[in-house]
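Data block for final.cif (mmCIF, C-alpha atoms and all ligand atoms):
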data_protein
#
loop_
_atom_site.label_atom_id
_atom_site.label_comp_id
_atom_site.auth_asym_id
_atom_site.auth_seq_id
_atom_site.Cartn_x
_atom_site.Cartn_y
_atom_site.Cartn_z
CA MET A 1420 22.42 -9.49 4.23
CA LYS A 1421 22.84 -11.97 7.03
CA ARG A 1422 23.61 -15.43 5.80
CA ARG A 1423 20.61 -16.84 7.62
CA ASN A 1424 18.35 -14.48 5.71
CA PHE A 1425 20.06 -15.17 2.43
CA ILE A 1426 19.52 -18.91 2.77
CA LYS A 1427 15.87 -18.42 3.64
CA LYS A 1428 15.23 -16.12 0.70
CA ALA A 1429 17.22 -18.27 -1.73
CA SER A 1430 15.35 -21.39 -0.77
CA VAL A 1431 11.97 -19.72 -1.11
CA SER A 1432 12.79 -18.22 -4.47
CA GLY A 1433 13.56 -21.63 -5.89
CA LEU A 1434 17.34 -21.65 -6.10
CA GLY A 1435 17.30 -25.04 -4.44
CA LEU A 1436 19.59 -24.24 -1.56
CA VAL A 1437 19.23 -26.17 1.66
CA ALA A 1438 20.91 -25.84 4.99
CA VAL A 1439 22.35 -29.06 6.36
CA SER A 1440 23.05 -27.48 9.70
CA SER A 1441 20.17 -26.87 12.05
CA THR A 1442 21.85 -23.67 13.28
CA LEU A 1443 22.90 -21.21 10.62
CA ILE A 1444 25.45 -18.59 11.61
CA SER A 1445 25.42 -15.07 10.21
CA CYS A 1446 28.42 -13.65 8.28
CA GLU A 1447 29.09 -11.25 11.14
CA GLU A 1448 29.86 -14.12 13.47
CA THR A 1449 33.36 -15.64 13.68
CA LYS A 1450 34.55 -17.89 10.87
CA LYS A 1451 35.93 -20.33 13.44
CA ASP A 1452 32.44 -21.06 14.74
CA GLU A 1453 30.72 -21.04 11.41
CA LYS A 1454 28.94 -24.24 10.55
CA VAL A 1455 29.00 -25.75 7.10
CA VAL A 1456 26.11 -24.89 4.85
CA ALA A 1457 25.75 -27.00 1.76
CA ALA A 1458 24.22 -25.78 -1.43
CA VAL A 1459 22.72 -28.59 -3.47
CA ASN A 1460 20.30 -28.60 -6.31
CA ILE A 1461 16.94 -30.00 -5.35
CA LYS A 1462 14.92 -31.05 -8.33
CA PRO A 1463 11.42 -29.58 -8.00
CA ILE A 1464 8.59 -32.11 -8.19
CA ARG A 1465 6.72 -31.36 -11.42
CA PRO A 1466 4.17 -31.82 -12.77
CA LEU A 1467 2.02 -32.05 -9.66
CA VAL A 1468 -1.69 -31.85 -8.86
CA ILE A 1469 -3.28 -31.68 -5.42
CA ALA A 1470 -7.00 -31.44 -4.64
CA THR A 1471 -9.20 -31.51 -1.57
CA TRP A 1472 -11.02 -34.72 -0.58
CA ASN A 1473 -11.16 -38.09 -2.29
CA THR A 1474 -11.14 -36.85 -5.86
CA PRO A 1475 -9.03 -39.35 -7.84
CA LEU A 1476 -10.74 -38.89 -11.19
CA ALA A 1477 -10.58 -35.11 -11.01
CA VAL A 1478 -6.87 -35.22 -10.17
CA GLU A 1479 -6.14 -37.85 -12.82
CA THR A 1480 -7.92 -35.71 -15.40
CA ALA A 1481 -5.84 -32.67 -14.46
CA ALA A 1482 -2.63 -34.72 -14.48
CA LYS A 1483 -3.41 -36.06 -17.96
CA VAL A 1484 -3.85 -32.52 -19.27
CA LEU A 1485 -0.38 -31.67 -17.93
CA GLU A 1486 1.20 -34.88 -19.19
CA LYS A 1487 -0.10 -34.14 -22.68
CA GLY A 1488 1.50 -30.68 -22.53
CA GLY A 1489 -1.76 -28.79 -21.87
CA SER A 1490 -1.75 -25.59 -19.87
CA VAL A 1491 -1.82 -25.63 -16.09
CA LEU A 1492 -4.99 -23.53 -16.20
CA ASP A 1493 -6.68 -26.08 -18.47
CA ALA A 1494 -5.58 -28.79 -16.02
CA VAL A 1495 -7.31 -27.31 -12.96
CA GLU A 1496 -10.40 -26.34 -14.96
CA GLN A 1497 -10.78 -29.80 -16.51
CA GLY A 1498 -10.15 -31.46 -13.14
CA CYS A 1499 -12.83 -29.42 -11.39
CA ARG A 1500 -15.35 -30.04 -14.17
CA ILE A 1501 -15.23 -33.76 -13.32
CA GLU A 1502 -16.64 -33.10 -9.84
CA GLU A 1503 -19.13 -30.53 -11.13
CA ALA A 1504 -20.57 -33.20 -13.44
CA ASN A 1505 -20.55 -35.92 -10.75
CA GLU A 1506 -24.17 -36.05 -9.61
CA GLU A 1507 -23.32 -38.36 -6.72
CA GLY A 1508 -21.23 -35.69 -5.00
CA MET A 1509 -23.70 -33.50 -3.09
CA SER A 1510 -21.56 -30.43 -2.56
CA VAL A 1511 -20.26 -29.42 -5.98
CA GLY A 1512 -21.98 -28.72 -9.31
CA LYS A 1513 -25.01 -30.77 -10.41
CA GLY A 1514 -26.39 -32.78 -7.50
CA GLY A 1515 -25.17 -30.24 -4.94
CA LEU A 1516 -27.50 -29.75 -1.97
CA PRO A 1517 -29.72 -26.69 -2.35
CA ASP A 1518 -30.23 -23.66 -0.16
CA ARG A 1519 -33.07 -23.74 2.36
CA ASP A 1520 -35.55 -22.65 -0.30
CA GLY A 1521 -34.61 -25.58 -2.55
CA ASP A 1522 -32.43 -23.65 -5.04
CA VAL A 1523 -29.00 -25.02 -5.98
CA THR A 1524 -26.61 -22.07 -6.25
CA LEU A 1525 -22.98 -22.55 -7.21
CA ASP A 1526 -19.79 -20.57 -6.48
CA ALA A 1527 -16.41 -20.92 -8.19
CA CYS A 1528 -13.15 -19.15 -8.82
CA ILE A 1529 -9.96 -19.69 -10.78
CA MET A 1530 -6.47 -18.15 -10.78
CA ASN A 1531 -3.78 -18.47 -13.39
CA GLU A 1532 0.00 -18.26 -13.18
CA LYS A 1533 -0.09 -14.54 -13.97
CA GLY A 1534 -2.15 -13.87 -10.86
CA ASP A 1535 -5.32 -13.21 -12.85
CA TYR A 1536 -8.55 -14.15 -11.15
CA GLY A 1537 -12.16 -14.77 -12.15
CA ALA A 1538 -15.17 -15.78 -10.06
CA VAL A 1539 -18.89 -16.38 -10.13
CA LEU A 1540 -21.13 -16.36 -7.07
CA GLY A 1541 -24.62 -17.69 -6.42
CA VAL A 1542 -25.22 -19.02 -9.93
CA LYS A 1543 -28.34 -21.09 -10.66
CA ASN A 1544 -28.94 -23.48 -13.59
CA ILE A 1545 -25.34 -23.67 -14.90
CA LYS A 1546 -23.30 -26.76 -14.04
CA HIS A 1547 -19.75 -25.85 -15.03
CA VAL A 1548 -19.30 -22.68 -13.05
CA ILE A 1549 -15.52 -23.15 -12.97
CA SER A 1550 -15.51 -22.60 -16.74
CA VAL A 1551 -17.77 -19.56 -16.36
CA ALA A 1552 -15.29 -18.17 -13.79
CA ARG A 1553 -12.53 -18.64 -16.35
CA LYS A 1554 -14.57 -16.77 -18.96
CA VAL A 1555 -15.06 -13.91 -16.47
CA MET A 1556 -11.27 -13.80 -16.02
CA GLU A 1557 -10.44 -13.98 -19.71
CA ASP A 1558 -13.32 -12.29 -21.52
CA THR A 1559 -14.42 -9.44 -19.24
CA PRO A 1560 -12.71 -6.45 -17.61
CA HIS A 1561 -14.08 -7.70 -14.24
CA VAL A 1562 -13.16 -10.38 -11.72
CA MET A 1563 -16.57 -11.32 -10.27
CA LEU A 1564 -20.09 -11.77 -11.54
CA VAL A 1565 -23.01 -12.76 -9.29
CA ALA A 1566 -26.39 -14.48 -9.54
CA GLU A 1567 -28.56 -13.57 -12.58
CA GLY A 1568 -25.79 -11.47 -14.15
CA ALA A 1569 -23.42 -14.41 -14.01
CA GLU A 1570 -26.07 -16.76 -15.39
CA GLN A 1571 -26.87 -14.42 -18.29
CA PHE A 1572 -23.16 -14.03 -19.02
CA ALA A 1573 -22.75 -17.83 -19.03
CA VAL A 1574 -25.63 -18.27 -21.47
CA SER A 1575 -24.16 -15.55 -23.70
CA LYS A 1576 -20.96 -17.63 -23.79
CA GLY A 1577 -22.80 -20.77 -24.87
CA PHE A 1578 -23.35 -22.51 -21.53
CA LYS A 1579 -26.64 -24.43 -21.34
CA ARG A 1580 -29.19 -23.89 -18.58
CA GLU A 1581 -30.16 -27.11 -16.78
CA ASN A 1582 -31.89 -28.17 -13.58
CA LEU A 1583 -29.13 -28.75 -10.99
CA LEU A 1584 -31.42 -30.23 -8.32
CA THR A 1585 -31.25 -34.00 -8.66
CA GLU A 1586 -33.91 -36.32 -7.20
CA LYS A 1587 -31.42 -37.45 -4.56
CA ALA A 1588 -30.64 -33.87 -3.44
CA LYS A 1589 -34.34 -32.95 -3.52
CA LYS A 1590 -35.22 -35.90 -1.26
CA ALA A 1591 -32.45 -34.93 1.18
CA TRP A 1592 -33.73 -31.32 1.25
CA GLU A 1593 -37.32 -32.46 1.85
CA LYS A 1594 -36.15 -34.65 4.73
CA TRP A 1595 -34.09 -31.80 6.17
CA LYS A 1596 -37.11 -29.49 6.10
CA ILE A 1597 -39.06 -31.75 8.50
CA THR A 1598 -36.74 -31.25 11.47
CA SER A 1599 -34.29 -28.55 10.47
CA GLU A 1600 -35.71 -25.44 12.05
CA TYR A 1601 -34.11 -23.88 8.96
CA LYS A 1602 -30.58 -24.24 10.30
CA PRO A 1603 -27.86 -25.06 7.75
CA ILE A 1604 -25.98 -28.35 8.10
CA ILE A 1605 -22.42 -27.88 9.20
CA ASN A 1606 -20.75 -31.14 8.36
CA ILE A 1607 -17.37 -31.98 9.82
CA GLU A 1608 -16.76 -35.19 7.91
CA ASN A 1609 -17.97 -35.33 4.38
CA HIS A 1610 -16.80 -34.18 1.01
CA ASP A 1611 -17.28 -30.47 0.53
CA THR A 1612 -15.73 -27.99 -1.86
CA ILE A 1613 -13.17 -29.13 -4.41
CA GLY A 1614 -10.09 -26.93 -4.39
CA MET A 1615 -7.33 -27.89 -6.83
CA LEU A 1616 -3.76 -26.66 -7.35
CA ALA A 1617 -1.41 -27.74 -10.13
CA ILE A 1618 2.15 -27.09 -11.24
CA ASP A 1619 3.27 -27.79 -14.79
CA LYS A 1620 6.73 -28.94 -15.85
CA ASN A 1621 7.91 -25.34 -16.16
CA GLY A 1622 6.89 -24.56 -12.59
CA ASP A 1623 3.84 -22.48 -13.45
CA ILE A 1624 0.99 -22.74 -10.95
CA SER A 1625 -2.77 -22.35 -11.30
CA GLY A 1626 -5.67 -23.09 -8.98
CA ALA A 1627 -9.43 -23.56 -9.05
CA CYS A 1628 -12.18 -23.94 -6.49
CA THR A 1629 -15.85 -24.89 -6.98
CA THR A 1630 -18.77 -25.64 -4.64
CA SER A 1631 -22.49 -25.57 -4.03
CA GLY A 1632 -21.66 -24.09 -0.64
CA LEU A 1633 -23.11 -24.85 2.74
CA ALA A 1634 -26.07 -27.24 2.55
CA TYR A 1635 -29.40 -25.49 3.20
CA LYS A 1636 -27.74 -22.09 3.49
CA MET A 1637 -29.79 -18.90 3.55
CA ALA A 1638 -30.67 -17.71 0.06
CA GLY A 1639 -27.88 -15.40 -1.08
CA ARG A 1640 -25.24 -16.80 1.27
CA VAL A 1641 -21.75 -17.05 -0.26
CA GLY A 1642 -18.78 -18.71 1.45
CA ASP A 1643 -15.05 -18.65 0.90
CA SER A 1644 -14.79 -20.70 -2.27
CA PRO A 1645 -15.19 -17.96 -4.91
CA ILE A 1646 -13.36 -15.28 -2.93
CA ILE A 1647 -9.74 -14.56 -3.77
CA GLY A 1648 -7.52 -15.27 -0.76
CA GLY A 1649 -10.35 -17.15 0.98
CA GLY A 1650 -11.03 -20.41 -0.84
CA LEU A 1651 -8.09 -20.01 -3.20
CA PHE A 1652 -4.90 -18.07 -3.69
CA VAL A 1653 -2.02 -18.55 -6.12
CA ASP A 1654 1.23 -16.60 -6.38
CA ASN A 1655 3.39 -18.06 -9.11
CA GLU A 1656 6.60 -17.05 -7.32
CA ILE A 1657 5.65 -18.81 -4.09
CA GLY A 1658 2.87 -21.41 -4.42
CA GLY A 1659 -0.84 -21.82 -3.86
CA ALA A 1660 -3.41 -22.79 -1.26
CA SER A 1661 -7.05 -23.80 -1.22
CA ALA A 1662 -9.70 -24.35 1.45
CA THR A 1663 -12.66 -26.54 2.21
CA GLY A 1664 -15.12 -26.53 5.07
CA LEU A 1665 -17.01 -23.73 6.76
CA GLY A 1666 -16.39 -20.75 4.54
CA GLU A 1667 -17.25 -18.15 7.15
CA GLU A 1668 -14.27 -19.24 9.26
CA VAL A 1669 -11.93 -19.33 6.27
CA LEU A 1670 -12.98 -15.82 5.22
CA LYS A 1671 -12.53 -14.35 8.70
CA THR A 1672 -8.87 -15.40 8.57
CA VAL A 1673 -8.31 -14.94 4.80
CA GLY A 1674 -6.95 -18.47 4.96
CA SER A 1675 -5.54 -19.22 1.52
CA PHE A 1676 -3.84 -15.84 1.20
CA LEU A 1677 -2.44 -16.27 4.70
CA ILE A 1678 -0.92 -19.66 3.78
CA VAL A 1679 0.79 -18.30 0.68
CA GLU A 1680 2.16 -15.34 2.62
CA LEU A 1681 3.44 -17.67 5.35
CA MET A 1682 5.22 -19.72 2.68
CA ARG A 1683 6.70 -16.47 1.32
CA GLN A 1684 8.13 -15.90 4.79
CA GLY A 1685 9.85 -19.30 4.67
CA LYS A 1686 7.34 -21.72 6.17
CA THR A 1687 6.81 -25.09 4.50
CA PRO A 1688 3.35 -25.72 3.05
CA GLN A 1689 2.61 -28.02 5.99
CA GLN A 1690 3.68 -25.43 8.59
CA ALA A 1691 1.67 -22.76 6.79
CA CYS A 1692 -1.50 -24.89 6.71
CA GLU A 1693 -1.10 -25.67 10.42
CA GLU A 1694 -0.69 -22.00 11.30
CA ALA A 1695 -3.77 -21.06 9.26
CA ILE A 1696 -5.85 -23.64 11.16
CA GLY A 1697 -4.29 -22.28 14.37
CA ARG A 1698 -5.58 -18.79 13.52
CA ILE A 1699 -9.12 -20.23 13.58
CA VAL A 1700 -9.03 -22.59 16.54
CA ASN A 1701 -6.90 -20.41 18.82
CA LYS A 1702 -9.26 -17.46 18.81
CA PRO A 1703 -10.31 -16.84 22.43
CA GLY A 1704 -13.44 -18.82 23.25
CA LYS A 1705 -13.72 -20.29 19.74
CA ASP A 1706 -15.93 -23.38 19.77
CA PHE A 1707 -14.61 -25.34 16.81
CA LYS A 1708 -16.15 -28.70 17.79
CA ASN A 1709 -18.98 -28.52 15.27
CA PHE A 1710 -17.36 -27.26 12.14
CA GLN A 1711 -14.58 -28.37 9.87
CA VAL A 1712 -11.99 -26.41 7.89
CA GLY A 1713 -9.26 -28.06 5.82
CA TYR A 1714 -6.44 -26.59 3.78
CA ILE A 1715 -4.13 -27.86 1.06
CA ALA A 1716 -1.01 -26.03 -0.14
CA VAL A 1717 1.88 -26.43 -2.53
CA ASN A 1718 5.04 -24.41 -2.96
CA LYS A 1719 7.09 -23.72 -6.05
CA GLN A 1720 9.37 -26.69 -5.32
CA GLY A 1721 6.42 -29.08 -5.28
CA GLU A 1722 6.37 -29.59 -1.52
CA THR A 1723 2.80 -30.04 -0.31
CA GLY A 1724 0.90 -29.58 2.93
CA ALA A 1725 -2.56 -30.37 4.28
CA TYR A 1726 -4.17 -29.77 7.65
CA SER A 1727 -7.68 -29.63 9.07
CA ILE A 1728 -9.41 -28.98 12.36
CA HIS A 1729 -10.91 -32.48 12.63
CA GLU A 1730 -10.12 -35.97 11.40
CA HIS A 1731 -11.49 -37.31 8.09
CA PHE A 1732 -10.24 -34.59 5.79
CA SER A 1733 -8.26 -36.13 2.94
CA TYR A 1734 -6.71 -34.98 -0.30
CA ASN A 1735 -5.65 -36.48 -3.61
CA LEU A 1736 -2.09 -35.95 -4.72
CA PHE A 1737 -0.61 -36.70 -8.13
CA LYS A 1738 3.16 -36.61 -8.23
CA GLU A 1739 5.91 -38.63 -9.87
CA GLY A 1740 3.34 -40.57 -11.88
CA GLU A 1741 1.22 -41.68 -8.90
CA ASN A 1742 -2.22 -40.46 -7.84
CA LYS A 1743 -3.01 -41.21 -4.19
CA ASN A 1744 -5.64 -40.26 -1.67
CA MET A 1745 -3.99 -39.32 1.63
CA PRO A 1746 -5.47 -38.59 5.05
CA SER A 1747 -4.68 -35.10 6.28
CA ASP A 1748 -3.15 -34.50 9.69
CA PHE A 1749 -5.52 -32.60 11.95
CA PHE A 1750 -5.68 -30.42 15.05
CA ASN A 1751 -8.41 -31.91 17.26
CA LYS A 1752 -6.79 -35.15 18.44
CA VAL A 1753 -8.89 -35.56 21.65
N1 LIG B 1801 -16.30 -23.99 1.65
C1 LIG B 1801 -17.54 -23.89 1.05
C2 LIG B 1801 -18.43 -22.90 1.64
O1 LIG B 1801 -18.36 -22.60 2.81
O2 LIG B 1801 -19.28 -22.40 0.93
#

The structure given in the file should be rewritten as structure tokens.
Ligand code: GLY
Amino acid sequence: MKRRNFIKKASVSGLGLVAVSSTLISCEETKKDEKVVAAVNIKPIRPLVIATWNTPLAVETAAKVLEKGGSVLDAVEQGCRIEEANEEGMSVGKGGLPDRDGDVTLDACIMNEKGDYGAVLGVKNIKHVISVARKVMEDTPHVMLVAEGAEQFAVSKGFKRENLLTEKAKKAWEKWKITSEYKPIINIENHDTIGMLAIDKNGDISGACTTSGLAYKMAGRVGDSPIIGGGLFVDNEIGGASATGLGEEVLKTVGSFLIVELMRQGKTPQQACEEAIGRIVNKPGKDFKNFQVGYIAVNKQGETGAYSIHEHFSYNLFKEGENKNMPSDFFNKV
């Protein structure tokens, strides 16, 4: 194997090797010209939690689960439940904006460190769909349940039915109906889906993603959030990625899976997120002015990345005992 390739593979597989030279020379090339390559141990950053948008309480909750020795899957589930219960947030869980007929329908998925996956799509009347997704993963032979089937399954597991349409969301929907012409709102600035990735002290990774989807969507519309490789993907050997924003664009490029595969090929999480956004905005004739997509990613070493099409995407990051909201870099600088 060429030395260049060995270094790349070793670094990605977590051996902690880094090249100090910018130009690595293969073994076939002359010893005289060979540059020095140092092998040092880099301590991975663990535990770590990263989540889309300004979600400090959700991230703190997940971090506390990890600090108390809880599982990484519990961490992302508990973190996401905070936003699902937050009635002020109008894009996740209770309080989420409804579809154009006034029904709040929720989507969620979860992945554990073994690569198992569970999802629910288009669920009415159940707030904590992230926990229902986990039950699908753990207690059924399936990976996805939709609509009434998912709701019935949730109730059979002890989840309570409740009205998810808050007064605030109802008022917003009634206002939208006056002038909307029944077009969904594609919002480039505000809080949207929560996607969360966490690594525990052993280096195991899990992820979760939950949303009420596009505001005033057509009844039955589902975006990227509950779809494996779209809104979320985790590979415990490599890292994880999650998406927010216009799900149709994420799905057309299988964004989260793409990011993890790019990291497998040696890209940093930041480079991988930027390339995934590039796959959307660089399509010939693509008019990306009026929609937003944002990605977060983490690799096995605890390096993170975030990138969006437009300004105003941010993410919360817990590492080395600190939980901070950070602005993401973005593509559209004009
Ligand atoms: N990213 C959320 C959705 O498009 O449904």

Which chains and residue numbers are within 10 Å of ligand LIG 1801 (chain B), counting only C-alpha atoms and all ligand atoms, if I want them as a PDB file with C-alpha atoms, in the frame of the given file?
ATOM      1  CA  SER A1510     -21.560 -30.430  -2.560  1.00  0.00           C
ATOM      2  CA  VAL A1511     -20.260 -29.420  -5.980  1.00  0.00           C
ATOM      3  CA  LEU A1525     -22.980 -22.550  -7.210  1.00  0.00           C
ATOM      4  CA  ASP A1526     -19.790 -20.570  -6.480  1.00  0.00           C
ATOM      5  CA  ALA A1527     -16.410 -20.920  -8.190  1.00  0.00           C
ATOM      6  CA  ILE A1605     -22.420 -27.880   9.200  1.00  0.00           C
ATOM      7  CA  ASP A1611     -17.280 -30.470   0.530  1.00  0.00           C
ATOM      8  CA  THR A1612     -15.730 -27.990  -1.860  1.00  0.00           C
ATOM      9  CA  ILE A1613     -13.170 -29.130  -4.410  1.00  0.00           C
ATOM     10  CA  GLY A1614     -10.090 -26.930  -4.390  1.00  0.00           C
ATOM     11  CA  CYS A1628     -12.180 -23.940  -6.490  1.00  0.00           C
ATOM     12  CA  THR A1629     -15.850 -24.890  -6.980  1.00  0.00           C
ATOM     13  CA  THR A1630     -18.770 -25.640  -4.640  1.00  0.00           C
ATOM     14  CA  SER A1631     -22.490 -25.570  -4.030  1.00  0.00           C
ATOM     15  CA  GLY A1632     -21.660 -24.090  -0.640  1.00  0.00           C
ATOM     16  CA  LEU A1633     -23.110 -24.850   2.740  1.00  0.00           C
ATOM     17  CA  ALA A1634     -26.070 -27.240   2.550  1.00  0.00           C
ATOM     18  CA  LYS A1636     -27.740 -22.090   3.490  1.00  0.00           C
ATOM     19  CA  ARG A1640     -25.240 -16.800   1.270  1.00  0.00           C
ATOM     20  CA  VAL A1641     -21.750 -17.050  -0.260  1.00  0.00           C
ATOM     21  CA  GLY A1642     -18.780 -18.710   1.450  1.00  0.00           C
ATOM     22  CA  ASP A1643     -15.050 -18.650   0.900  1.00  0.00           C
ATOM     23  CA  SER A1644     -14.790 -20.700  -2.270  1.00  0.00           C
ATOM     24  CA  PRO A1645     -15.190 -17.960  -4.910  1.00  0.00           C
ATOM     25  CA  GLY A1649     -10.350 -17.150   0.980  1.00  0.00           C
ATOM     26  CA  GLY A1650     -11.030 -20.410  -0.840  1.00  0.00           C
ATOM     27  CA  SER A1661      -7.050 -23.800  -1.220  1.00  0.00           C
ATOM     28  CA  ALA A1662      -9.700 -24.350   1.450  1.00  0.00           C
ATOM     29  CA  THR A1663     -12.660 -26.540   2.210  1.00  0.00           C
ATOM     30  CA  GLY A1664     -15.120 -26.530   5.070  1.00  0.00           C
ATOM     31  CA  LEU A1665     -17.010 -23.730   6.760  1.00  0.00           C
ATOM     32  CA  GLY A1666     -16.390 -20.750   4.540  1.00  0.00           C
ATOM     33  CA  GLU A1667     -17.250 -18.150   7.150  1.00  0.00           C
ATOM     34  CA  GLU A1668     -14.270 -19.240   9.260  1.00  0.00           C
ATOM     35  CA  VAL A1669     -11.930 -19.330   6.270  1.00  0.00           C
ATOM     36  CA  LEU A1670     -12.980 -15.820   5.220  1.00  0.00           C
ATOM     37  CA  GLN A1711     -14.580 -28.370   9.870  1.00  0.00           C
ATOM     38  CA  VAL A1712     -11.990 -26.410   7.890  1.00  0.00           C
ATOM     39  CA  GLY A1713      -9.260 -28.060   5.820  1.00  0.00           C
TER      40      GLY A1713
END

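Residue nearest A:Tyr1734 within the list A:Pro1475, A:Gly1515, A:Gly1488, A:Pro1466: A:Pro1475 [criterion: smallest interatomic distance, all atoms listed in the file].
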
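Here atom CA of A:Lys1579 is placed at a distance of 23.8 Å from atom CA of A:Leu1476.
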
What lies within 12 Å of A:Ala1481 using all atoms listed in the file, ignoring chain neighbours under 5 positions off, as an mmCIF file with C-alpha atoms, in the coordinates of the input?
data_model
loop_
_atom_site.group_PDB
_atom_site.id
_atom_site.type_symbol
_atom_site.label_atom_id
_atom_site.label_comp_id
_atom_site.auth_asym_id
_atom_site.auth_seq_id
_atom_site.Cartn_x
_atom_site.Cartn_y
_atom_site.Cartn_z
ATOM 1 C CA PRO A 1466 4.170 -31.820 -12.770
ATOM 2 C CA LEU A 1467 2.020 -32.050 -9.660
ATOM 3 C CA VAL A 1468 -1.690 -31.850 -8.860
ATOM 4 C CA ILE A 1469 -3.280 -31.680 -5.420
ATOM 5 C CA ALA A 1470 -7.000 -31.440 -4.640
ATOM 6 C CA THR A 1474 -11.140 -36.850 -5.860
ATOM 7 C CA PRO A 1475 -9.030 -39.350 -7.840
ATOM 8 C CA LEU A 1476 -10.740 -38.890 -11.190
ATOM 9 C CA GLU A 1486 1.200 -34.880 -19.190
ATOM 10 C CA LYS A 1487 -0.100 -34.140 -22.680
ATOM 11 C CA GLY A 1488 1.500 -30.680 -22.530
ATOM 12 C CA GLY A 1489 -1.760 -28.790 -21.870
ATOM 13 C CA SER A 1490 -1.750 -25.590 -19.870
ATOM 14 C CA VAL A 1491 -1.820 -25.630 -16.090
ATOM 15 C CA LEU A 1492 -4.990 -23.530 -16.200
ATOM 16 C CA ASP A 1493 -6.680 -26.080 -18.470
ATOM 17 C CA ALA A 1494 -5.580 -28.790 -16.020
ATOM 18 C CA VAL A 1495 -7.310 -27.310 -12.960
ATOM 19 C CA GLU A 1496 -10.400 -26.340 -14.960
ATOM 20 C CA GLN A 1497 -10.780 -29.800 -16.510
ATOM 21 C CA GLY A 1498 -10.150 -31.460 -13.140
ATOM 22 C CA CYS A 1499 -12.830 -29.420 -11.390
ATOM 23 C CA ARG A 1500 -15.350 -30.040 -14.170
ATOM 24 C CA ILE A 1501 -15.230 -33.760 -13.320
ATOM 25 C CA GLU A 1502 -16.640 -33.100 -9.840
ATOM 26 C CA MET A 1615 -7.330 -27.890 -6.830
ATOM 27 C CA LEU A 1616 -3.760 -26.660 -7.350
ATOM 28 C CA ALA A 1617 -1.410 -27.740 -10.130
ATOM 29 C CA ILE A 1618 2.150 -27.090 -11.240
ATOM 30 C CA ASP A 1619 3.270 -27.790 -14.790
ATOM 31 C CA SER A 1625 -2.770 -22.350 -11.300
ATOM 32 C CA GLY A 1626 -5.670 -23.090 -8.980
ATOM 33 C CA ALA A 1627 -9.430 -23.560 -9.050
ATOM 34 C CA ASN A 1735 -5.650 -36.480 -3.610
ATOM 35 C CA LEU A 1736 -2.090 -35.950 -4.720
ATOM 36 C CA PHE A 1737 -0.610 -36.700 -8.130
ATOM 37 C CA LYS A 1738 3.160 -36.610 -8.230
ATOM 38 C CA ASN A 1742 -2.220 -40.460 -7.840
#

Practice item. Would you work out the distance separating atom CA of A:Glu1694 from atom CA of A:Leu1540, expressed in Å to one decimal? Key: 28.1 Å

Exercise for review: Write out as JSON, numbers by chain the residues lying within 7 Å of A:Phe1676, counting only C-alpha atoms and excluding same-chain residues fewer than 3 positions away.
Suggested key: {"A": [1648, 1649, 1652, 1673, 1679, 1680]}

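Interatomic distance, atom CA of A:Trp1595 to atom CA of A:Leu1516: 10.7 Å.
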
Point to revise | Exercise: stretch 1717-1728 of chain A partners within 6 Å, only C-alpha atoms, chain neighbours under 5 positions left out, as a ChimeraX atom specification | key: /A:1463-1464,1657-1659,1688-1689,1692-1693,1711-1712,1747-1751

With C-alpha atoms retained, export the selected residues as a PDB file, keeping the file's coordinate frame.
ATOM      1  CA  PRO A1463      11.420 -29.580  -8.000  1.00  0.00           C
ATOM      2  CA  ILE A1464       8.590 -32.110  -8.190  1.00  0.00           C
ATOM      3  CA  ILE A1657       5.650 -18.810  -4.090  1.00  0.00           C
ATOM      4  CA  GLY A1658       2.870 -21.410  -4.420  1.00  0.00           C
ATOM      5  CA  GLY A1659      -0.840 -21.820  -3.860  1.00  0.00           C
ATOM      6  CA  PRO A1688       3.350 -25.720   3.050  1.00  0.00           C
ATOM      7  CA  GLN A1689       2.610 -28.020   5.990  1.00  0.00           C
ATOM      8  CA  CYS A1692      -1.500 -24.890   6.710  1.00  0.00           C
ATOM      9  CA  GLU A1693      -1.100 -25.670  10.420  1.00  0.00           C
ATOM     10  CA  GLN A1711     -14.580 -28.370   9.870  1.00  0.00           C
ATOM     11  CA  VAL A1712     -11.990 -26.410   7.890  1.00  0.00           C
ATOM     12  CA  SER A1747      -4.680 -35.100   6.280  1.00  0.00           C
ATOM     13  CA  ASP A1748      -3.150 -34.500   9.690  1.00  0.00           C
ATOM     14  CA  PHE A1749      -5.520 -32.600  11.950  1.00  0.00           C
ATOM     15  CA  PHE A1750      -5.680 -30.420  15.050  1.00  0.00           C
ATOM     16  CA  ASN A1751      -8.410 -31.910  17.260  1.00  0.00           C
TER      17      ASN A1751
END

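If all atoms listed in the file are the atoms counted, then among A:Lys1483, A:Lys1702, A:His1731, A:Lys1576 the closest residue to A:Ile1545 is A:Lys1576.
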
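With distances taken over all atoms listed in the file, A:Val1653 is the one residue among A:Ala1504, A:Met1509, A:Val1484, A:Val1653 lying closest to A:Cys1528.
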
Review point. Taking into account all atoms listed in the file, which residue in the set A:Arg1519, A:Arg1683, A:Lys1554, A:Lys1708 is nearest to A:Ser1599?
Key: A:Arg1519
